[in-house]
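What follows is a set of notes on a single structure, which appears directly below.
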Amino acid sequence: MLKLTRILGVTALTLSLLSFPTQAWAKAKIQMAILLDSSNSMDGLIDQARTQIWQIVNYLTQVTKDGEVPELEVALYHYGNDSLPSSEGFVRLLTGFTPELDVVSEKLFSIKTNGGQEYAGWAIRSAMQQLNWSQDKADFRVIIIAGNEPFDQGPIVWREAVNLAVDEDILVNTIYCGSAESDERQLWASGAALAQGSHFNINQNEEVVFIESPYDQEITTWNALLNETYIPYGTEGEIGQQRQAIEDSNAGTRGFARGASKASEYYNNASWDLIDALDEGVVAIEDLSDQDLPEVMQSMTLAQRQEYIETKKNERERIQEMIRDLYQKRTEYIEQQRQASANSSENTLDSVIIQSLRQQLADKGFKFQ
C-alpha cells in the first residue's frame, strides 16, 4: 500500500510538472554589456555601434541552445567623457540589461562625444557592480569594452576590475581603437587574456562599405507594415511606439538590417506592445481597463478584443516570415558580391564582435543553425 501511494505521488507530481506553463522553464540567456569610449576621437566608434548593432543581433539569430533561441539582453555604458561627473569616473550607465533593443538603439543615438579621462578599469568595475548579471554560469555573459587610451588610466587598477569578472566566470573582450603597433595596445590585450576573452584592434574611423541589394527596399517596405501590427498599451504604449518609429528612421539606409532584427525572436517589446506582453505573461487582457488600450479597442467586447489581438499576431508572424526570407536572399547576394570584391573589410566593430562571439558561444554549448 505504501509502495502504491508513493507511486501515485510521483505520478501526481509528474502530471503537475507536465501541466506547468512552458515559461516556467528558464531559457538560456545571452548577456552582453557594451562599454564604449565616448571621448572626442571616438565619433567613428559610436557611429559604427549605431549602424552595426542590428548586424550583431542578426548574427545572433542563428544561435540556439537546447533546441531553443536563447533570451538576449544588452546593457550599454559610455565612458571617458568630460560631460560625465569625475566623481563617477566619467562613466555613465545608459541602460541596464534589457531585451528591448529599441531602447539600446535610442541610447546609442543619445551619446555625444566629448574629451575626457578614459578610465577603462572604472567602467569594467561599474559593469560588474551595477548590472543584474545572470547567476547561471551556463548562460553566456560578456563585457565588450572599446577605447583608444591607455588601459591603466584612472584610480581603479584594471587587474582588480577585470578580476571581478574572472571571479564570476564572465568574459571580457577588449577592442583597441588605435595603431596596431602602439605600446598601449598590449595592456588591452592583457585585460582580455586575464578574463579568458578576445582582443581585437580596429580603426574606428574606417568607413563601413555598404553594398546595396535588390531586396533592401522590399524589406524596408515590409518593416513599415510590421509596425502596424503592434498594439500599444498602458503608460508606456505611446512612448514605445514613438521610439520604434524614431529608431526605424535612425537606421537610415541600414533599415533592412533593423527590419531583419525586428523579424526575429529577439525583438521583444513586452513593456508596451500587448501581443508581446501577453506572450510573456506580463499582463492578462481581462485585467486591462479601457484606458490601458488603444482607442480602436476600447469599445470592443472581450471576445472582440481577443479576436483583434489574434488577427494582429497572425499578421505579424506572416510579415516577419516574409522579411526573414528576403533577408536570407539578401545575405546570399551580399556574400556573392563580397567574394567578387577585394575591398570588403573585416576590421569594423560588428565584424570583430561577431568573430569573438562565434567561438565563445560555442564553448558555452550554444549552437549555430
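The chains in the C-alpha cells are called A, B, ... from first to last as shown; in each chain the residues are counted from 1, and the ligands are counted from 1 in the order shown.
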Please build the interface table for region 22-78 of chain A against region 109-122 of chain A with a cut-off of 8 Å, listing for each qualifying residue the nearest atom pair and the distance in Å to one decimal; count only C-alpha atoms, order rows by chain and increasing number, and write it as a tab-separated table.
```
residue	atom	partner	partner_atom	distance
A:Asp37	CA	A:Glu118	CA	7.0
A:Ser38	CA	A:Thr113	CA	4.8
A:Ser39	CA	A:Gly115	CA	4.5
A:Asn40	CA	A:Asn114	CA	4.6
A:Ser41	CA	A:Thr113	CA	7.8
A:Met42	CA	A:Thr113	CA	6.8
A:Asp43	CA	A:Thr113	CA	6.4
A:Ile46	CA	A:Ile111	CA	7.7
A:Arg50	CA	A:Phe109	CA	6.8
A:His78	CA	A:Ile111	CA	7.7
```
Written file, previous selection with C-alpha atoms, as an mmCIF file, in the first residue's frame:
```
data_model
loop_
_atom_site.group_PDB
_atom_site.id
_atom_site.type_symbol
_atom_site.label_atom_id
_atom_site.label_comp_id
_atom_site.auth_asym_id
_atom_site.auth_seq_id
_atom_site.Cartn_x
_atom_site.Cartn_y
_atom_site.Cartn_z
ATOM 1 C CA ASP A 37 34.704 55.221 -25.115
ATOM 2 C CA SER A 38 32.885 58.463 -25.964
ATOM 3 C CA SER A 39 35.809 60.902 -25.885
ATOM 4 C CA ASN A 40 36.371 63.342 -28.750
ATOM 5 C CA SER A 41 38.238 60.919 -31.000
ATOM 6 C CA MET A 42 35.546 58.247 -30.805
ATOM 7 C CA ASP A 43 32.873 59.624 -33.137
ATOM 8 C CA ILE A 46 29.930 55.463 -31.820
ATOM 9 C CA ARG A 50 24.795 52.773 -34.080
ATOM 10 C CA HIS A 78 29.737 55.119 -22.255
#
```
Test item: residues at most 7 Å from Ala260 (chain A), only C-alpha atoms, excluding those fewer than 4 positions along its chain, as an mmCIF file with C-alpha atoms, in the first residue's frame:
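Result went into around.cif, see below:
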```
data_model
loop_
_atom_site.group_PDB
_atom_site.id
_atom_site.type_symbol
_atom_site.label_atom_id
_atom_site.label_comp_id
_atom_site.auth_asym_id
_atom_site.auth_seq_id
_atom_site.Cartn_x
_atom_site.Cartn_y
_atom_site.Cartn_z
ATOM 1 C CA ASN A 58 21.071 39.312 -36.802
ATOM 2 C CA PHE A 256 16.975 46.326 -43.890
ATOM 3 C CA SER A 264 13.487 37.712 -35.064
ATOM 4 C CA ILE A 323 11.215 39.634 -44.003
ATOM 5 C CA ARG A 324 13.282 36.659 -42.880
ATOM 6 C CA TYR A 327 16.926 38.927 -45.650
#
```
Show me a table, sorted first by chain and then by increasing residue number, of the residues of region 160-237 of chain A having an atom at most 9 Å from region 283-304 of chain A, each with its shortest atom pair and the distance in Å to one decimal, counting only C-alpha atoms and written as CSV.
```
residue,atom,partner,partner_atom,distance
A:Ile231,CA,A:Pro294,CA,7.2
A:Pro232,CA,A:Pro294,CA,6.5
A:Tyr233,CA,A:Leu293,CA,5.0
A:Gly234,CA,A:Asp292,CA,4.4
A:Thr235,CA,A:Asp292,CA,7.3
A:Gly237,CA,A:Asp292,CA,8.6
```
Considering only helix (DSSP H, G or I) as DSSP defines it on the backbone, what residues of region 249-307 of chain A qualify? List them as a PyMOL selection string. chain A and resi 249-262+274-280+285-287+290-292+295-298+302-307
Distance table requested - region 252-337 of chain A against region 214-222 of chain A, cut-off 9 Å, only C-alpha atoms: one row per qualifying residue with the closest atom pair and its distance in Å to one decimal, ordered by chain and rising residue number, as a Markdown table.
```
| residue | atom | partner | partner_atom | distance |
| --- | --- | --- | --- | --- |
| A:Thr253 | CA | A:Asp216 | CA | 8.7 |
| A:Arg254 | CA | A:Asp216 | CA | 8.6 |
| A:Gly255 | CA | A:Thr220 | CA | 6.0 |
| A:Phe256 | CA | A:Ile219 | CA | 5.5 |
| A:Ala257 | CA | A:Ile219 | CA | 8.8 |
| A:Arg258 | CA | A:Thr220 | CA | 8.9 |
| A:Gly259 | CA | A:Thr220 | CA | 6.6 |
| A:Ala260 | CA | A:Ile219 | CA | 7.9 |
| A:Ile319 | CA | A:Trp222 | CA | 6.6 |
| A:Gln320 | CA | A:Trp222 | CA | 8.3 |
| A:Met322 | CA | A:Trp222 | CA | 7.8 |
| A:Ile323 | CA | A:Ile219 | CA | 5.8 |
| A:Arg324 | CA | A:Ile219 | CA | 8.9 |
| A:Leu326 | CA | A:Tyr215 | CA | 6.4 |
| A:Tyr327 | CA | A:Ile219 | CA | 7.3 |
| A:Lys329 | CA | A:Tyr215 | CA | 7.6 |
| A:Arg330 | CA | A:Tyr215 | CA | 6.0 |
| A:Tyr333 | CA | A:Pro214 | CA | 8.7 |
```
Output C-alpha atoms of each residue in that selection to a file, as a compact mmCIF listing (two decimals), in the first residue's frame.
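Listing of out-v7.txt after writing:
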```txt
# COMPACT_ATOMS: atom_id res chain seq x y z
CA THR A 253 19.90 53.17 -45.31
CA ARG A 254 20.61 50.22 -42.96
CA GLY A 255 16.88 49.79 -42.35
CA PHE A 256 16.98 46.33 -43.89
CA ALA A 257 19.25 45.11 -41.06
CA ARG A 258 16.97 46.55 -38.40
CA GLY A 259 13.96 45.08 -40.20
CA ALA A 260 15.56 41.63 -40.05
CA ILE A 319 5.21 39.66 -42.26
CA GLN A 320 8.14 38.51 -40.13
CA MET A 322 8.41 37.39 -45.35
CA ILE A 323 11.22 39.63 -44.00
CA ARG A 324 13.28 36.66 -42.88
CA LEU A 326 14.03 38.35 -48.05
CA TYR A 327 16.93 38.93 -45.65
CA LYS A 329 18.22 36.19 -50.02
CA ARG A 330 19.98 39.47 -49.32
CA TYR A 333 23.51 38.09 -52.59
```
Inset, instruction - Show which residues sit within 9 Å of Arg159 (chain A), as a count of residues only. Count only C-alpha atoms, and ignore same-chain residues fewer than 3 positions away. - result: 8
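Closest approach to Gln153 (chain A) among A:Val209, A:Leu45, A:Leu187, A:Ala28 is made by A:Leu187 (distances from only C-alpha atoms).
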Would you pick out the contacts of region 353-367 of chain A at 7 Å or less, using only C-alpha atoms, so that residues sharing its chain but fewer than 2 positions from it are not included, and give the list as a ChimeraX atom specification? /A:56,63-65,138,140,198,349-351,369
Store the residues of this selection in a file with C-alpha atoms, as an mmCIF file, in the first residue's frame.
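So selection.cif came out as:
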```cif
data_model
loop_
_atom_site.group_PDB
_atom_site.id
_atom_site.type_symbol
_atom_site.label_atom_id
_atom_site.label_comp_id
_atom_site.auth_asym_id
_atom_site.auth_seq_id
_atom_site.Cartn_x
_atom_site.Cartn_y
_atom_site.Cartn_z
ATOM 1 C CA ILE A 56 25.283 41.801 -34.463
ATOM 2 C CA VAL A 63 22.206 30.757 -32.229
ATOM 3 C CA THR A 64 20.297 28.134 -30.236
ATOM 4 C CA LYS A 65 20.825 26.221 -27.018
ATOM 5 C CA ALA A 138 25.776 28.108 -18.130
ATOM 6 C CA PHE A 140 26.688 33.401 -21.883
ATOM 7 C CA SER A 198 39.330 38.030 -27.020
ATOM 8 C CA LEU A 349 33.142 46.878 -34.731
ATOM 9 C CA ASP A 350 30.493 44.376 -35.804
ATOM 10 C CA SER A 351 32.957 42.046 -37.515
ATOM 11 C CA GLN A 369 21.967 26.813 -37.193
#
```
note - CA of Val69 (chain A) and CA of Lys27 (chain A) are separated by 8.0 Å
One residue among A:Thr98, A:Gln62, A:Asn314, A:Asn347 is nearest to Asn201 (chain A) when using only C-alpha atoms, and that residue is A:Asn347
Members of region 73-309 of chain A assigned strand (DSSP E) by DSSP, as an MDAnalysis selection string: chainID A and resid 73:79 91:98 140:147 171:176 199:201
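Taking CA of Ile145 (chain A) and CA of Ile334 (chain A) as the two end points, the separation is 28.9 Å.
In terms of minimum interatomic distance to Gln130 (chain A), A:Leu93 ranks closest within A:Ile239, A:Ile309, A:Ile275, A:Leu93, counting only C-alpha atoms.
Using only C-alpha atoms, the residues found no farther than 7 Å from Leu131 (chain A), other than those of its own chain fewer than 3 positions away, are Gly96, Phe97, Ala127 and Met128 of chain A.
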Writing out the chosen residues with C-alpha atoms as a compact mmCIF listing (two decimals), in the first residue's frame:
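Heads up, here's the output in selection_9.txt:
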```
# COMPACT_ATOMS: atom_id res chain seq x y z
CA GLY A 96 20.92 48.06 -17.72
CA PHE A 97 20.30 44.65 -19.22
CA ALA A 127 29.52 46.98 -15.16
CA MET A 128 30.32 44.23 -12.69
```
